[in-house]
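Source file query.txt; content: compact mmCIF, C-alpha atoms.
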# COMPACT_ATOMS: atom_id res chain seq x y z
CA MET A 249 -33.23 -27.52 14.31
CA THR A 250 -36.63 -27.45 16.03
CA THR A 251 -39.67 -25.50 14.83
CA SER A 252 -39.37 -23.03 17.71
CA THR A 253 -35.68 -22.51 16.98
CA THR A 254 -36.43 -21.96 13.28
CA THR A 255 -39.16 -19.43 14.08
CA ALA A 256 -36.92 -17.52 16.50
CA ALA A 257 -34.01 -17.50 14.02
CA ALA A 258 -36.26 -16.16 11.27
CA THR A 259 -36.99 -13.05 13.33
CA ALA A 260 -33.43 -12.61 14.65
CA SER A 261 -30.99 -10.01 13.37
CA LEU A 262 -28.64 -10.81 10.50
CA LEU A 263 -24.84 -10.67 10.62
CA ARG A 264 -22.69 -10.99 7.52
CA PHE A 265 -19.13 -12.03 8.33
CA ALA A 266 -16.06 -13.27 6.51
CA THR A 267 -13.19 -15.50 7.55
CA ALA A 268 -9.58 -15.03 6.44
CA GLY A 269 -6.21 -16.46 7.35
CA SER A 270 -2.98 -17.82 5.92
CA VAL A 271 -2.81 -21.25 4.30
CA ASP A 272 -2.98 -24.07 6.89
CA ASP A 273 -4.06 -21.77 9.72
CA GLY A 274 -7.16 -23.94 10.09
CA LYS A 275 -9.74 -21.56 8.69
CA SER A 276 -11.93 -24.16 7.01
CA THR A 277 -11.69 -26.36 10.11
CA LEU A 278 -12.90 -23.43 12.22
CA VAL A 279 -15.88 -22.87 9.93
CA GLY A 280 -16.65 -26.60 9.93
CA ARG A 281 -16.41 -26.72 13.72
CA LEU A 282 -18.65 -23.66 14.03
CA LEU A 283 -21.30 -25.24 11.80
CA HIS A 284 -21.00 -28.67 13.42
CA ASP A 285 -21.08 -27.60 17.06
CA SER A 286 -23.91 -25.10 16.51
CA LYS A 287 -26.00 -27.96 15.04
CA SER A 288 -26.11 -26.27 11.63
CA VAL A 289 -25.01 -29.29 9.56
CA LEU A 290 -27.57 -31.56 7.91
CA THR A 291 -27.24 -35.29 8.56
CA ASP A 292 -26.49 -36.17 4.94
CA GLN A 293 -23.77 -33.49 4.76
CA LEU A 294 -22.09 -34.88 7.87
CA GLU A 295 -22.33 -38.44 6.53
CA ALA A 296 -20.68 -37.35 3.26
CA VAL A 297 -17.82 -35.71 5.19
CA GLU A 298 -17.38 -38.82 7.38
CA LEU A 299 -17.27 -41.01 4.27
CA ALA A 300 -14.73 -38.77 2.50
CA SER A 301 -12.58 -38.64 5.66
CA ALA A 302 -12.67 -42.43 6.02
CA ARG A 303 -11.47 -42.82 2.42
CA ARG A 304 -8.44 -40.75 3.37
CA GLY A 305 -7.73 -43.00 6.35
CA GLN A 306 -8.79 -40.39 8.92
CA GLU A 307 -10.45 -41.70 12.08
CA ALA A 308 -12.38 -38.50 12.85
CA PRO A 309 -14.39 -36.49 10.30
CA ASP A 310 -12.39 -33.68 8.66
CA LEU A 311 -14.69 -30.73 9.31
CA ALA A 312 -12.81 -28.59 6.77
CA LEU A 313 -14.57 -30.59 4.05
CA LEU A 314 -17.85 -28.91 5.02
CA THR A 315 -16.63 -25.74 3.31
CA ASP A 316 -13.92 -26.84 0.85
CA GLY A 317 -16.36 -27.94 -1.82
CA LEU A 318 -14.25 -27.72 -4.99
CA ARG A 319 -12.41 -30.89 -5.99
CA ALA A 320 -9.16 -28.92 -6.35
CA GLU A 321 -9.63 -27.57 -2.83
CA ARG A 322 -10.04 -31.04 -1.36
CA GLU A 323 -7.11 -32.45 -3.30
CA GLN A 324 -4.74 -29.62 -2.33
CA GLY A 325 -6.13 -29.03 1.16
CA ILE A 326 -6.56 -25.30 0.56
CA THR A 327 -9.45 -22.91 -0.03
CA ILE A 328 -9.47 -21.42 -3.54
CA ASP A 329 -12.83 -19.73 -4.04
CA VAL A 330 -15.18 -17.90 -1.68
CA ALA A 331 -17.60 -20.36 -0.06
CA TYR A 332 -20.84 -18.92 1.29
CA ARG A 333 -22.66 -20.65 4.12
CA TYR A 334 -25.97 -19.76 5.75
CA PHE A 335 -26.81 -20.79 9.30
CA ALA A 336 -28.74 -19.55 12.29
CA THR A 337 -29.00 -19.79 16.05
CA VAL A 338 -31.82 -18.66 18.31
CA ARG A 339 -30.11 -15.30 18.77
CA ARG A 340 -29.03 -14.38 15.22
CA ARG A 341 -28.93 -15.37 11.54
CA PHE A 342 -25.58 -15.52 9.72
CA ILE A 343 -24.22 -15.28 6.19
CA LEU A 344 -20.63 -16.52 6.22
CA ALA A 345 -18.09 -15.93 3.46
CA ASP A 346 -15.17 -18.35 3.86
CA THR A 347 -12.39 -16.68 1.85
CA PRO A 348 -9.06 -18.11 0.61
CA GLY A 349 -5.86 -17.55 2.53
CA HIS A 350 -3.25 -17.83 -0.22
CA VAL A 351 -1.70 -14.58 -1.41
CA GLN A 352 -2.71 -15.22 -5.02
CA TYR A 353 -6.38 -15.22 -3.94
CA THR A 354 -6.34 -11.89 -2.10
CA ARG A 355 -8.88 -10.65 -4.64
CA ASN A 356 -11.27 -13.38 -3.48
CA MET A 357 -11.02 -12.05 0.07
CA VAL A 358 -11.99 -8.61 -1.23
CA THR A 359 -15.10 -10.18 -2.77
CA GLY A 360 -16.07 -11.99 0.41
CA ALA A 361 -15.38 -9.13 2.81
CA SER A 362 -16.91 -6.34 0.70
CA THR A 363 -20.35 -6.77 2.30
CA ALA A 364 -19.16 -8.13 5.67
CA GLU A 365 -19.90 -6.43 8.99
CA LEU A 366 -17.27 -8.53 10.77
CA ALA A 367 -14.07 -10.32 9.73
CA VAL A 368 -12.53 -13.29 11.54
CA VAL A 369 -8.76 -13.34 10.92
CA LEU A 370 -7.06 -16.61 11.91
CA VAL A 371 -3.49 -16.90 13.12
CA ASP A 372 -1.55 -20.11 13.81
CA ALA A 373 -0.38 -19.81 17.42
CA ARG A 374 2.96 -21.41 16.44
CA ASN A 375 3.69 -18.84 13.72
CA GLY A 376 2.14 -15.65 15.11
CA VAL A 377 1.41 -12.62 12.94
CA VAL A 378 2.81 -13.16 9.43
CA GLU A 379 2.72 -11.10 6.23
CA GLN A 380 -0.58 -12.60 5.09
CA THR A 381 -2.12 -11.77 8.49
CA ARG A 382 -1.18 -8.13 7.98
CA ARG A 383 -2.48 -8.27 4.43
CA HIS A 384 -5.88 -9.54 5.59
CA ALA A 385 -6.07 -6.94 8.35
CA ALA A 386 -5.27 -4.22 5.82
CA VAL A 387 -7.92 -5.46 3.38
CA ALA A 388 -10.49 -5.49 6.19
CA ALA A 389 -9.49 -1.92 7.07
CA LEU A 390 -9.65 -0.80 3.43
CA LEU A 391 -13.13 -2.26 3.10
CA ARG A 392 -14.19 -0.48 6.31
CA VAL A 393 -15.24 -3.72 8.02
CA PRO A 394 -16.26 -2.34 11.44
CA HIS A 395 -15.48 -5.41 13.60
CA VAL A 396 -12.42 -7.68 13.43
CA VAL A 397 -11.93 -10.87 15.45
CA LEU A 398 -8.42 -12.27 15.85
CA ALA A 399 -8.80 -16.03 16.34
CA VAL A 400 -5.48 -17.42 17.59
CA ASN A 401 -5.85 -21.03 16.48
CA LYS A 402 -4.01 -24.27 17.32
CA MET A 403 -3.57 -23.30 20.95
CA ASP A 404 -3.47 -27.05 21.69
CA LEU A 405 -0.13 -27.20 19.85
CA VAL A 406 1.44 -24.58 22.16
CA GLU A 407 0.11 -26.25 25.33
CA TYR A 408 -2.61 -23.59 25.69
CA ALA A 409 0.02 -21.11 26.89
CA GLU A 410 -1.42 -17.71 27.81
CA PRO A 411 1.84 -15.77 27.09
CA VAL A 412 1.83 -17.03 23.48
CA PHE A 413 -1.73 -15.77 22.97
CA ALA A 414 -1.06 -12.46 24.75
CA ALA A 415 1.98 -11.64 22.60
CA ILE A 416 0.15 -12.37 19.33
CA ALA A 417 -2.95 -10.44 20.42
CA GLU A 418 -0.88 -7.41 21.41
CA GLU A 419 1.03 -7.33 18.10
CA PHE A 420 -2.06 -7.75 15.93
CA THR A 421 -4.18 -5.27 17.88
CA ALA A 422 -1.51 -2.57 17.58
CA TYR A 423 -1.22 -3.14 13.82
CA ALA A 424 -4.99 -3.22 13.15
CA ALA A 425 -5.57 -0.15 15.32
CA SER A 426 -2.93 1.74 13.32
CA LEU A 427 -5.04 1.02 10.20
CA GLY A 428 -8.11 2.55 11.84
CA VAL A 429 -10.02 -0.69 12.59
CA PRO A 430 -12.51 0.52 15.22
CA ASP A 431 -13.21 -2.74 17.09
CA ILE A 432 -10.77 -5.64 17.61
CA THR A 433 -11.45 -8.75 19.71
CA ALA A 434 -8.86 -11.51 20.29
CA ILE A 435 -9.98 -15.07 21.13
CA PRO A 436 -7.70 -18.12 21.78
CA ILE A 437 -9.11 -21.26 20.14
CA SER A 438 -8.43 -24.76 18.91
CA ALA A 439 -10.69 -25.37 15.92
CA LEU A 440 -9.66 -29.03 15.76
CA ALA A 441 -10.52 -29.73 19.42
CA GLY A 442 -13.39 -27.24 19.63
CA ASP A 443 -11.89 -25.03 22.35
CA ASN A 444 -13.66 -21.62 22.57
CA VAL A 445 -15.39 -22.02 19.20
CA VAL A 446 -18.92 -22.76 20.40
CA GLU A 447 -18.24 -24.09 23.91
CA PRO A 448 -15.85 -22.51 26.47
CA SER A 449 -12.51 -24.28 26.83
CA ALA A 450 -11.63 -26.18 30.00
CA ASN A 451 -8.00 -25.99 28.89
CA MET A 452 -7.79 -22.18 29.01
CA ASP A 453 -9.32 -21.16 32.33
CA TRP A 454 -7.12 -18.05 32.19
CA TYR A 455 -9.34 -16.70 29.36
CA GLY A 456 -12.54 -15.04 30.52
CA GLY A 457 -13.87 -13.65 27.25
CA PRO A 458 -16.56 -14.92 24.86
CA THR A 459 -16.34 -17.90 22.54
CA VAL A 460 -16.32 -17.23 18.81
CA LEU A 461 -20.04 -18.01 18.45
CA GLU A 462 -20.98 -16.00 21.52
CA HIS A 463 -19.17 -12.97 20.12
CA LEU A 464 -20.82 -13.42 16.71
CA GLU A 465 -24.21 -13.59 18.39
CA THR A 466 -23.75 -10.48 20.51
CA VAL A 467 -21.52 -8.08 18.54
CA PRO A 468 -23.53 -4.90 17.86
CA VAL A 469 -24.26 -4.11 14.23
CA SER A 470 -24.14 -0.39 14.91
CA HIS A 471 -23.63 0.90 11.35
CA ASP A 472 -27.31 0.58 10.43
CA LEU A 473 -27.59 1.56 6.77
CA ALA A 474 -31.13 2.82 7.38
CA HIS A 475 -29.55 5.87 9.02
CA CYS A 476 -27.03 6.56 6.22
CA HIS A 477 -27.45 8.93 3.27
CA ALA A 478 -30.62 7.81 1.44
CA ARG A 479 -29.86 6.50 -2.06
CA LEU A 480 -32.02 4.70 -4.66
CA PRO A 481 -30.28 3.62 -7.89
CA VAL A 482 -33.05 3.35 -10.50
CA GLN A 483 -33.15 -0.12 -12.07
CA TYR A 484 -36.36 0.09 -14.08
CA VAL A 485 -39.07 2.57 -15.04
CA ILE A 486 -42.55 1.05 -14.67
CA ARG A 487 -45.26 2.31 -17.05
CA PRO A 488 -48.12 -0.22 -17.37
CA GLN A 489 -50.24 2.07 -19.62
CA THR A 490 -53.30 -0.08 -18.96
CA ALA A 491 -56.93 0.97 -18.65
CA GLU A 492 -56.66 0.70 -14.85
CA LEU A 493 -53.31 2.55 -14.67
CA PRO A 494 -53.11 4.84 -17.71
CA ASP A 495 -50.82 7.44 -16.12
CA TYR A 496 -48.79 5.29 -13.70
CA ARG A 497 -45.06 6.05 -13.81
CA GLY A 498 -42.90 4.50 -11.12
CA TYR A 499 -39.17 4.24 -10.58
CA ALA A 500 -38.15 0.83 -9.26
CA GLY A 501 -34.96 -0.26 -7.51
CA GLN A 502 -33.42 -1.55 -4.32
CA ILE A 503 -32.69 1.12 -1.72
CA ALA A 504 -28.90 1.13 -1.33
CA ALA A 505 -28.89 3.10 1.90
CA GLY A 506 -31.07 5.28 4.10
CA THR A 507 -34.82 5.82 4.32
CA PHE A 508 -37.30 7.46 1.92
CA ARG A 509 -40.65 8.94 3.02
CA VAL A 510 -43.75 10.13 1.22
CA GLY A 511 -43.73 13.94 0.92
CA GLU A 512 -39.95 14.17 0.93
CA GLU A 513 -38.28 16.39 -1.66
CA VAL A 514 -35.84 14.45 -3.82
CA THR A 515 -33.30 15.18 -6.53
CA VAL A 516 -32.55 12.98 -9.52
CA LEU A 517 -28.88 12.73 -10.41
CA PRO A 518 -26.97 13.42 -12.55
CA SER A 519 -29.64 15.67 -14.16
CA GLY A 520 -30.33 17.62 -10.94
CA ARG A 521 -34.12 17.73 -11.47
CA THR A 522 -36.21 17.87 -8.29
CA SER A 523 -39.64 16.66 -7.23
CA LYS A 524 -41.48 15.22 -4.21
CA ILE A 525 -42.31 11.61 -3.42
CA SER A 526 -46.06 11.20 -3.88
CA GLY A 527 -46.14 7.47 -3.10
CA ILE A 528 -44.07 4.39 -2.32
CA ASP A 529 -45.14 0.92 -3.48
CA LEU A 530 -43.68 -2.06 -1.64
CA LEU A 531 -44.70 -5.59 -2.69
CA GLY A 532 -47.91 -4.26 -4.19
CA THR A 533 -48.82 -2.21 -1.11
CA SER A 534 -48.60 1.54 -0.58
CA VAL A 535 -46.41 2.50 2.38
CA ASP A 536 -45.40 5.80 3.97
CA ALA A 537 -41.69 4.94 4.29
CA ALA A 538 -39.14 2.42 3.02
CA TRP A 539 -35.53 1.75 3.94
CA THR A 540 -32.28 -0.01 3.10
CA THR A 541 -32.36 -3.27 1.08
CA GLN A 542 -36.10 -3.01 0.40
CA SER A 543 -37.02 -3.18 -3.28
CA VAL A 544 -39.56 -0.44 -3.94
CA THR A 545 -41.19 1.72 -6.58
CA LEU A 546 -41.14 5.48 -5.98
CA LEU A 547 -43.87 7.71 -7.44
CA LEU A 548 -43.10 11.42 -7.92
CA GLU A 549 -45.39 14.44 -8.10
CA ASP A 550 -43.77 15.69 -11.33
CA ASP A 551 -43.44 13.91 -14.65
CA ILE A 552 -39.68 14.23 -15.25
CA ASP A 553 -37.21 12.31 -17.37
CA ILE A 554 -35.71 9.46 -15.31
CA SER A 555 -34.13 6.27 -16.64
CA ARG A 556 -32.10 3.28 -15.50
CA GLY A 557 -28.79 4.39 -14.01
CA ASP A 558 -30.13 7.58 -12.43
CA LEU A 559 -29.85 8.03 -8.67
CA ILE A 560 -32.71 9.37 -6.54
CA VAL A 561 -31.57 11.12 -3.35
CA PRO A 562 -33.03 13.55 -0.76
CA THR A 563 -32.51 17.10 -2.00
CA LYS A 564 -31.12 18.16 1.39
CA ASP A 565 -28.54 15.35 1.30
CA ALA A 566 -27.46 15.10 -2.32
CA PRO A 567 -23.88 14.07 -3.21
CA ALA A 568 -21.82 16.16 -5.61
CA THR A 569 -21.46 14.89 -9.17
CA THR A 570 -17.99 14.63 -10.67
CA GLN A 571 -16.10 13.29 -13.65
CA ASP A 572 -12.83 12.97 -11.71
CA ILE A 573 -12.67 10.12 -9.21
CA GLU A 574 -9.75 9.27 -6.94
CA ALA A 575 -10.01 5.92 -5.23
CA THR A 576 -8.28 2.97 -3.64
CA VAL A 577 -8.64 -0.13 -5.78
CA CYS A 578 -7.91 -3.84 -5.67
CA HIS A 579 -7.02 -5.20 -9.09
CA VAL A 580 -8.68 -8.58 -9.62
CA ALA A 581 -7.94 -9.45 -13.27
CA ASP A 582 -4.94 -11.29 -14.68
CA GLN A 583 -4.31 -8.55 -17.25
CA PRO A 584 -2.65 -5.44 -15.73
CA LEU A 585 -4.39 -2.10 -15.22
CA THR A 586 -2.24 0.62 -16.79
CA VAL A 587 -2.22 4.39 -17.08
CA GLY A 588 -4.27 5.29 -20.15
CA HIS A 589 -6.37 2.14 -19.88
CA ARG A 590 -9.85 2.71 -21.37
CA VAL A 591 -12.51 1.00 -19.27
CA LEU A 592 -16.17 0.95 -18.35
CA LEU A 593 -16.97 2.13 -14.82
CA LYS A 594 -20.07 0.61 -13.18
CA HIS A 595 -21.44 2.58 -10.23
CA GLY A 596 -24.75 1.34 -8.88
CA THR A 597 -26.97 0.77 -11.89
CA ARG A 598 -25.08 3.21 -14.12
CA THR A 599 -22.23 2.25 -16.46
CA VAL A 600 -20.12 4.92 -18.19
CA LYS A 601 -16.95 5.07 -20.25
CA ALA A 602 -13.80 6.08 -18.39
CA ILE A 603 -10.03 6.29 -18.67
CA VAL A 604 -7.34 5.66 -16.05
CA LYS A 605 -5.52 9.00 -15.87
CA ASP A 606 -2.93 8.10 -13.22
CA ILE A 607 -1.85 5.41 -10.76
CA PRO A 608 -0.20 7.53 -8.03
CA SER A 609 0.88 4.62 -5.83
CA ARG A 610 0.79 0.92 -5.07
CA LEU A 611 0.39 -0.20 -1.47
CA THR A 612 2.90 -2.61 0.08
CA LEU A 613 0.75 -4.36 2.66
CA ASP A 614 3.49 -5.87 4.79
CA ASP A 615 4.64 -2.45 6.01
CA LEU A 616 1.98 -0.14 4.45
CA SER A 617 4.63 1.73 2.46
CA LEU A 618 3.69 3.34 -0.85
CA HIS A 619 5.47 2.55 -4.10
CA PRO A 620 5.02 5.78 -6.10
CA HIS A 621 3.83 5.78 -9.72
CA PRO A 622 4.16 2.05 -10.46
CA GLY A 623 2.67 2.57 -13.93
CA GLN A 624 0.43 -0.47 -13.59
CA LEU A 625 -1.37 -2.72 -11.13
CA VAL A 626 -1.30 -6.50 -11.53
CA ALA A 627 -3.59 -9.15 -10.05
CA ASN A 628 -4.10 -8.78 -6.28
CA ASP A 629 -2.35 -5.37 -6.19
CA ILE A 630 -3.93 -2.62 -4.11
CA GLY A 631 -3.23 0.95 -5.12
CA ARG A 632 -4.51 4.47 -5.69
CA VAL A 633 -5.94 5.49 -9.07
CA LYS A 634 -7.30 8.65 -10.68
CA ILE A 635 -10.10 8.10 -13.18
CA ARG A 636 -11.81 10.45 -15.62
CA THR A 637 -15.37 9.48 -16.61
CA ALA A 638 -17.16 10.46 -19.82
CA GLU A 639 -20.23 11.54 -17.83
CA PRO A 640 -20.63 13.02 -14.35
CA LEU A 641 -21.37 10.53 -11.57
CA PRO A 642 -22.92 11.11 -8.13
CA VAL A 643 -20.46 9.26 -5.89
CA ASP A 644 -20.20 9.16 -2.11
CA SER A 645 -17.03 8.59 -0.15
CA TYR A 646 -16.64 4.90 0.66
CA ALA A 647 -16.20 5.90 4.30
CA ASP A 648 -19.74 7.35 4.24
CA SER A 649 -21.43 4.62 2.21
CA ARG A 650 -19.96 1.26 1.24
CA ARG A 651 -22.74 0.80 -1.34
CA THR A 652 -22.64 4.11 -3.23
CA GLY A 653 -18.95 4.76 -2.58
CA SER A 654 -17.85 1.66 -4.47
CA PHE A 655 -17.54 0.80 -8.15
CA ILE A 656 -16.00 -1.73 -10.52
CA LEU A 657 -13.94 -1.25 -13.67
CA ILE A 658 -14.85 -3.47 -16.62
CA ASP A 659 -12.99 -4.40 -19.80
CA PRO A 660 -15.14 -2.95 -22.62
CA ASN A 661 -13.97 -5.64 -25.03
CA ASP A 662 -15.11 -8.78 -23.22
CA GLY A 663 -16.95 -7.63 -20.08
CA THR A 664 -14.29 -8.95 -17.68
CA THR A 665 -14.25 -7.35 -14.23
CA LEU A 666 -10.85 -5.69 -13.87
CA THR A 667 -10.83 -3.77 -10.61
CA ALA A 668 -12.89 -3.11 -7.47
CA GLY A 669 -12.74 0.49 -6.27
CA MET A 670 -13.46 2.45 -3.10
CA VAL A 671 -13.86 6.23 -3.46
CA GLY A 672 -11.90 8.50 -1.15
CA GLU A 673 -9.18 7.93 1.42
CA SER A 674 -7.55 4.53 1.83
CA PHE A 675 -7.71 3.94 5.57
CA ALA A 676 -9.82 5.41 8.34
CA SER A 677 -8.01 7.71 10.75
CA PRO A 678 -7.20 5.67 13.85
CA GLU A 679 -8.80 6.75 17.09
CA PRO A 680 -6.23 8.50 19.30
CA VAL A 681 -5.15 6.52 22.34
CA ARG A 682 -6.55 8.31 25.36
CA ASP A 683 -4.33 8.67 28.40
CA GLU A 684 -6.28 8.42 31.65
CA ALA A 685 -3.85 10.93 33.12
CA ASP A 686 -5.38 13.50 30.79
CA ASP A 687 -8.52 13.41 32.94
CA GLU A 688 -6.61 14.63 35.94
CA GLY A 689 -5.85 18.27 36.63
CA TRP A 690 -7.60 21.38 35.39
CA ASP A 691 -10.85 21.57 33.47
CA PHE A 692 -10.80 24.24 30.75

Target format structure tokens, applied to this file:
Amino acid sequence: MTTSTTTAAATASLLRFATAGSVDDGKSTLVGRLLHDSKSVLTDQLEAVELASARRGQEAPDLALLTDGLRAEREQGITIDVAYRYFATVRRRFILADTPGHVQYTRNMVTGASTAELAVVLVDARNGVVEQTRRHAAVAALLRVPHVVLAVNKMDLVEYAEPVFAAIAEEFTAYAASLGVPDITAIPISALAGDNVVEPSANMDWYGGPTVLEHLETVPVSHDLAHCHARLPVQYVIRPQTAELPDYRGYAGQIAAGTFRVGEEVTVLPSGRTSKISGIDLLGTSVDAAWTTQSVTLLLEDDIDISRGDLIVPTKDAPATTQDIEATVCHVADQPLTVGHRVLLKHGTRTVKAIVKDIPSRLTLDDLSLHPHPGQLVANDIGRVKIRTAEPLPVDSYADSRRTGSFILIDPNDGTTLTAGMVGESFASPEPVRDEADDEGWDF
């Protein structure tokens, strides 16, 4: 990568995306091809892959080895853990989470996709949409991932037939749209041969859409968190008490969402005390405003009691506090989550005691049916839970804020993470299909 390319990439926008797909759909090969053809692989990494491939008797380098880093993954030929990769082009910077495809690692996909703005779901063109495809689409919908790409892979094995691609794209798009996924793009590819990954395919002249990389570079990241409800979970109270700063009291943390401005009236939750922002310190400099992901220190006009775990919010846009939370959860631990289970609930920087009051349903992802009152959730299960907390918490709906609408449940005995939760409704309401005929006739 040249100096000019590096400089341009450093100032480009950032896209976080995750890949998912069933075992042997070619997901790791796609990621390897994407990195290789976009010139994002270091020479020594490529040499190591070529050497490992030669040991296996393969003539060409196995690009899947660029992401399958665990020994067990290479031995079994599957992805087990989430692999994060960072790369950049002139147009955009990327953080990629390559997630496992096997059903027993669904929880790992939840981890990888929880912060993603786009999900690439792979399908083997020979097999079409299978149960795991629907599962991954449902997880993406549950996590409110705003953009989903259907990559129909191994088109070379179906003679690059357009009808095969069209049938798979139609089935998947209908299913994902029914879950409320707002943006779905289907792309026919061959990760092994490189068709439509970075370069357009000469074998599919019937396809006129973007390549995978072109779509990743141009997809709009429209859900800018700077315009969401402003939230600052307090991580630390700064009181130097030095001769230079005898009265300094600042409240430090990373802004989870929104924008804070000097002079704005704010409320501290859960206490409900109010004050105004008298100053904002950012990297040792006073600023008039700060926004999402910036780590700042807020100074307030009034000396009020604030500690780690409190949430600072604009008074005009404060969430309600509650001790009763209903949420959709993905259970990630091997031990089951049961009704009556006593847990710790971590929301932002605050951790409180809680109890699982009810598990109203477990979701069957192949047909989205609900199994009522299962009594427990086991590893990789997704279901609805009702939780009672020992102290009131200021929670947003996950649909409004992925950062402050999420939480985790922790085993109080050993600190194990049990469950990842999303407050509020399970799926977004799908957009109604608009009939062009509705535009004809009378205007009322």

Who sits within 10 Å of segment 666-671 of chain A, all atoms listed in the file, same chain under 2 positions skipped, as a CSV table (one decimal) with C-alpha atoms, keeping the file's coordinate frame:
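Result file selection_35.csv:
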chain,number,residue,atom,x,y,z
A,355,ARG,CA,-8.9,-10.6,-4.6
A,358,VAL,CA,-12.0,-8.6,-1.2
A,359,THR,CA,-15.1,-10.2,-2.8
A,362,SER,CA,-16.9,-6.3,0.7
A,390,LEU,CA,-9.6,-0.8,3.4
A,391,LEU,CA,-13.1,-2.3,3.1
A,392,ARG,CA,-14.2,-0.5,6.3
A,573,ILE,CA,-12.7,10.1,-9.2
A,574,GLU,CA,-9.8,9.3,-6.9
A,575,ALA,CA,-10.0,5.9,-5.2
A,576,THR,CA,-8.3,3.0,-3.6
A,577,VAL,CA,-8.6,-0.1,-5.8
A,578,CYS,CA,-7.9,-3.8,-5.7
A,579,HIS,CA,-7.0,-5.2,-9.1
A,580,VAL,CA,-8.7,-8.6,-9.6
A,581,ALA,CA,-7.9,-9.4,-13.3
A,582,ASP,CA,-4.9,-11.3,-14.7
A,583,GLN,CA,-4.3,-8.6,-17.2
A,584,PRO,CA,-2.6,-5.4,-15.7
A,585,LEU,CA,-4.4,-2.1,-15.2
A,591,VAL,CA,-12.5,1.0,-19.3
A,592,LEU,CA,-16.2,1.0,-18.4
A,593,LEU,CA,-17.0,2.1,-14.8
A,594,LYS,CA,-20.1,0.6,-13.2
A,595,HIS,CA,-21.4,2.6,-10.2
A,625,LEU,CA,-1.4,-2.7,-11.1
A,626,VAL,CA,-1.3,-6.5,-11.5
A,627,ALA,CA,-3.6,-9.2,-10.0
A,628,ASN,CA,-4.1,-8.8,-6.3
A,629,ASP,CA,-2.4,-5.4,-6.2
A,630,ILE,CA,-3.9,-2.6,-4.1
A,631,GLY,CA,-3.2,1.0,-5.1
A,632,ARG,CA,-4.5,4.5,-5.7
A,633,VAL,CA,-5.9,5.5,-9.1
A,643,VAL,CA,-20.5,9.3,-5.9
A,644,ASP,CA,-20.2,9.2,-2.1
A,645,SER,CA,-17.0,8.6,-0.2
A,646,TYR,CA,-16.6,4.9,0.7
A,647,ALA,CA,-16.2,5.9,4.3
A,648,ASP,CA,-19.7,7.4,4.2
A,649,SER,CA,-21.4,4.6,2.2
A,650,ARG,CA,-20.0,1.3,1.2
A,651,ARG,CA,-22.7,0.8,-1.3
A,652,THR,CA,-22.6,4.1,-3.2
A,653,GLY,CA,-19.0,4.8,-2.6
A,654,SER,CA,-17.8,1.7,-4.5
A,655,PHE,CA,-17.5,0.8,-8.2
A,656,ILE,CA,-16.0,-1.7,-10.5
A,657,LEU,CA,-13.9,-1.2,-13.7
A,658,ILE,CA,-14.8,-3.5,-16.6
A,659,ASP,CA,-13.0,-4.4,-19.8
A,663,GLY,CA,-17.0,-7.6,-20.1
A,664,THR,CA,-14.3,-9.0,-17.7
A,673,GLU,CA,-9.2,7.9,1.4
A,674,SER,CA,-7.6,4.5,1.8

Residues within 8 Å of (-15.9, -20.8, 18.0), file coords, only C-alpha atoms, listed as number ranges by chain: A: 278, 281-282, 437, 439, 442-447, 459-462

Work out how far atom CA of Gln571 of chain A is from atom CA of Pro642 of chain A, in Å to one decimal.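 Separation between atom CA of Pro642 of chain A and atom CA of Gln571 of chain A: 9.0 Å.
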
Within 8 Å of Ala268 of chain A using all atoms listed in the file, minus same-chain residues under 2 positions, as a PDB file with C-alpha atoms, keeping the file's coordinate frame:
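Saved result, selection-v2.pdb, follows:
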ATOM      1  CA  ALA A 266     -16.060 -13.270   6.510  1.00  0.00           C
ATOM      2  CA  SER A 270      -2.980 -17.820   5.920  1.00  0.00           C
ATOM      3  CA  LYS A 275      -9.740 -21.560   8.690  1.00  0.00           C
ATOM      4  CA  ASP A 346     -15.170 -18.350   3.860  1.00  0.00           C
ATOM      5  CA  THR A 347     -12.390 -16.680   1.850  1.00  0.00           C
ATOM      6  CA  PRO A 348      -9.060 -18.110   0.610  1.00  0.00           C
ATOM      7  CA  GLY A 349      -5.860 -17.550   2.530  1.00  0.00           C
ATOM      8  CA  MET A 357     -11.020 -12.050   0.070  1.00  0.00           C
ATOM      9  CA  ALA A 367     -14.070 -10.320   9.730  1.00  0.00           C
ATOM     10  CA  VAL A 368     -12.530 -13.290  11.540  1.00  0.00           C
ATOM     11  CA  VAL A 369      -8.760 -13.340  10.920  1.00  0.00           C
ATOM     12  CA  LEU A 370      -7.060 -16.610  11.910  1.00  0.00           C
ATOM     13  CA  HIS A 384      -5.880  -9.540   5.590  1.00  0.00           C
TER      14      HIS A 384
END

Under the rule that only C-alpha atoms are counted, which of A:Pro481, A:Gly456, A:Gly501, A:Gly376 is the nearest residue to Ala417 of chain A? A:Gly376

Coordinates-based distance that separates atom CA of Leu517 of chain A from atom CA of Ile560 of chain A (Å, one decimal):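 If I compute the distance from atom CA of Ile560 of chain A to atom CA of Leu517 of chain A, I get 6.4 Å.
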
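Closest approach to Gln502 of chain A from the set A:Thr597, A:Ser426, A:His477, A:Val467 is made by A:Thr597, with distances taken over all atoms listed in the file.
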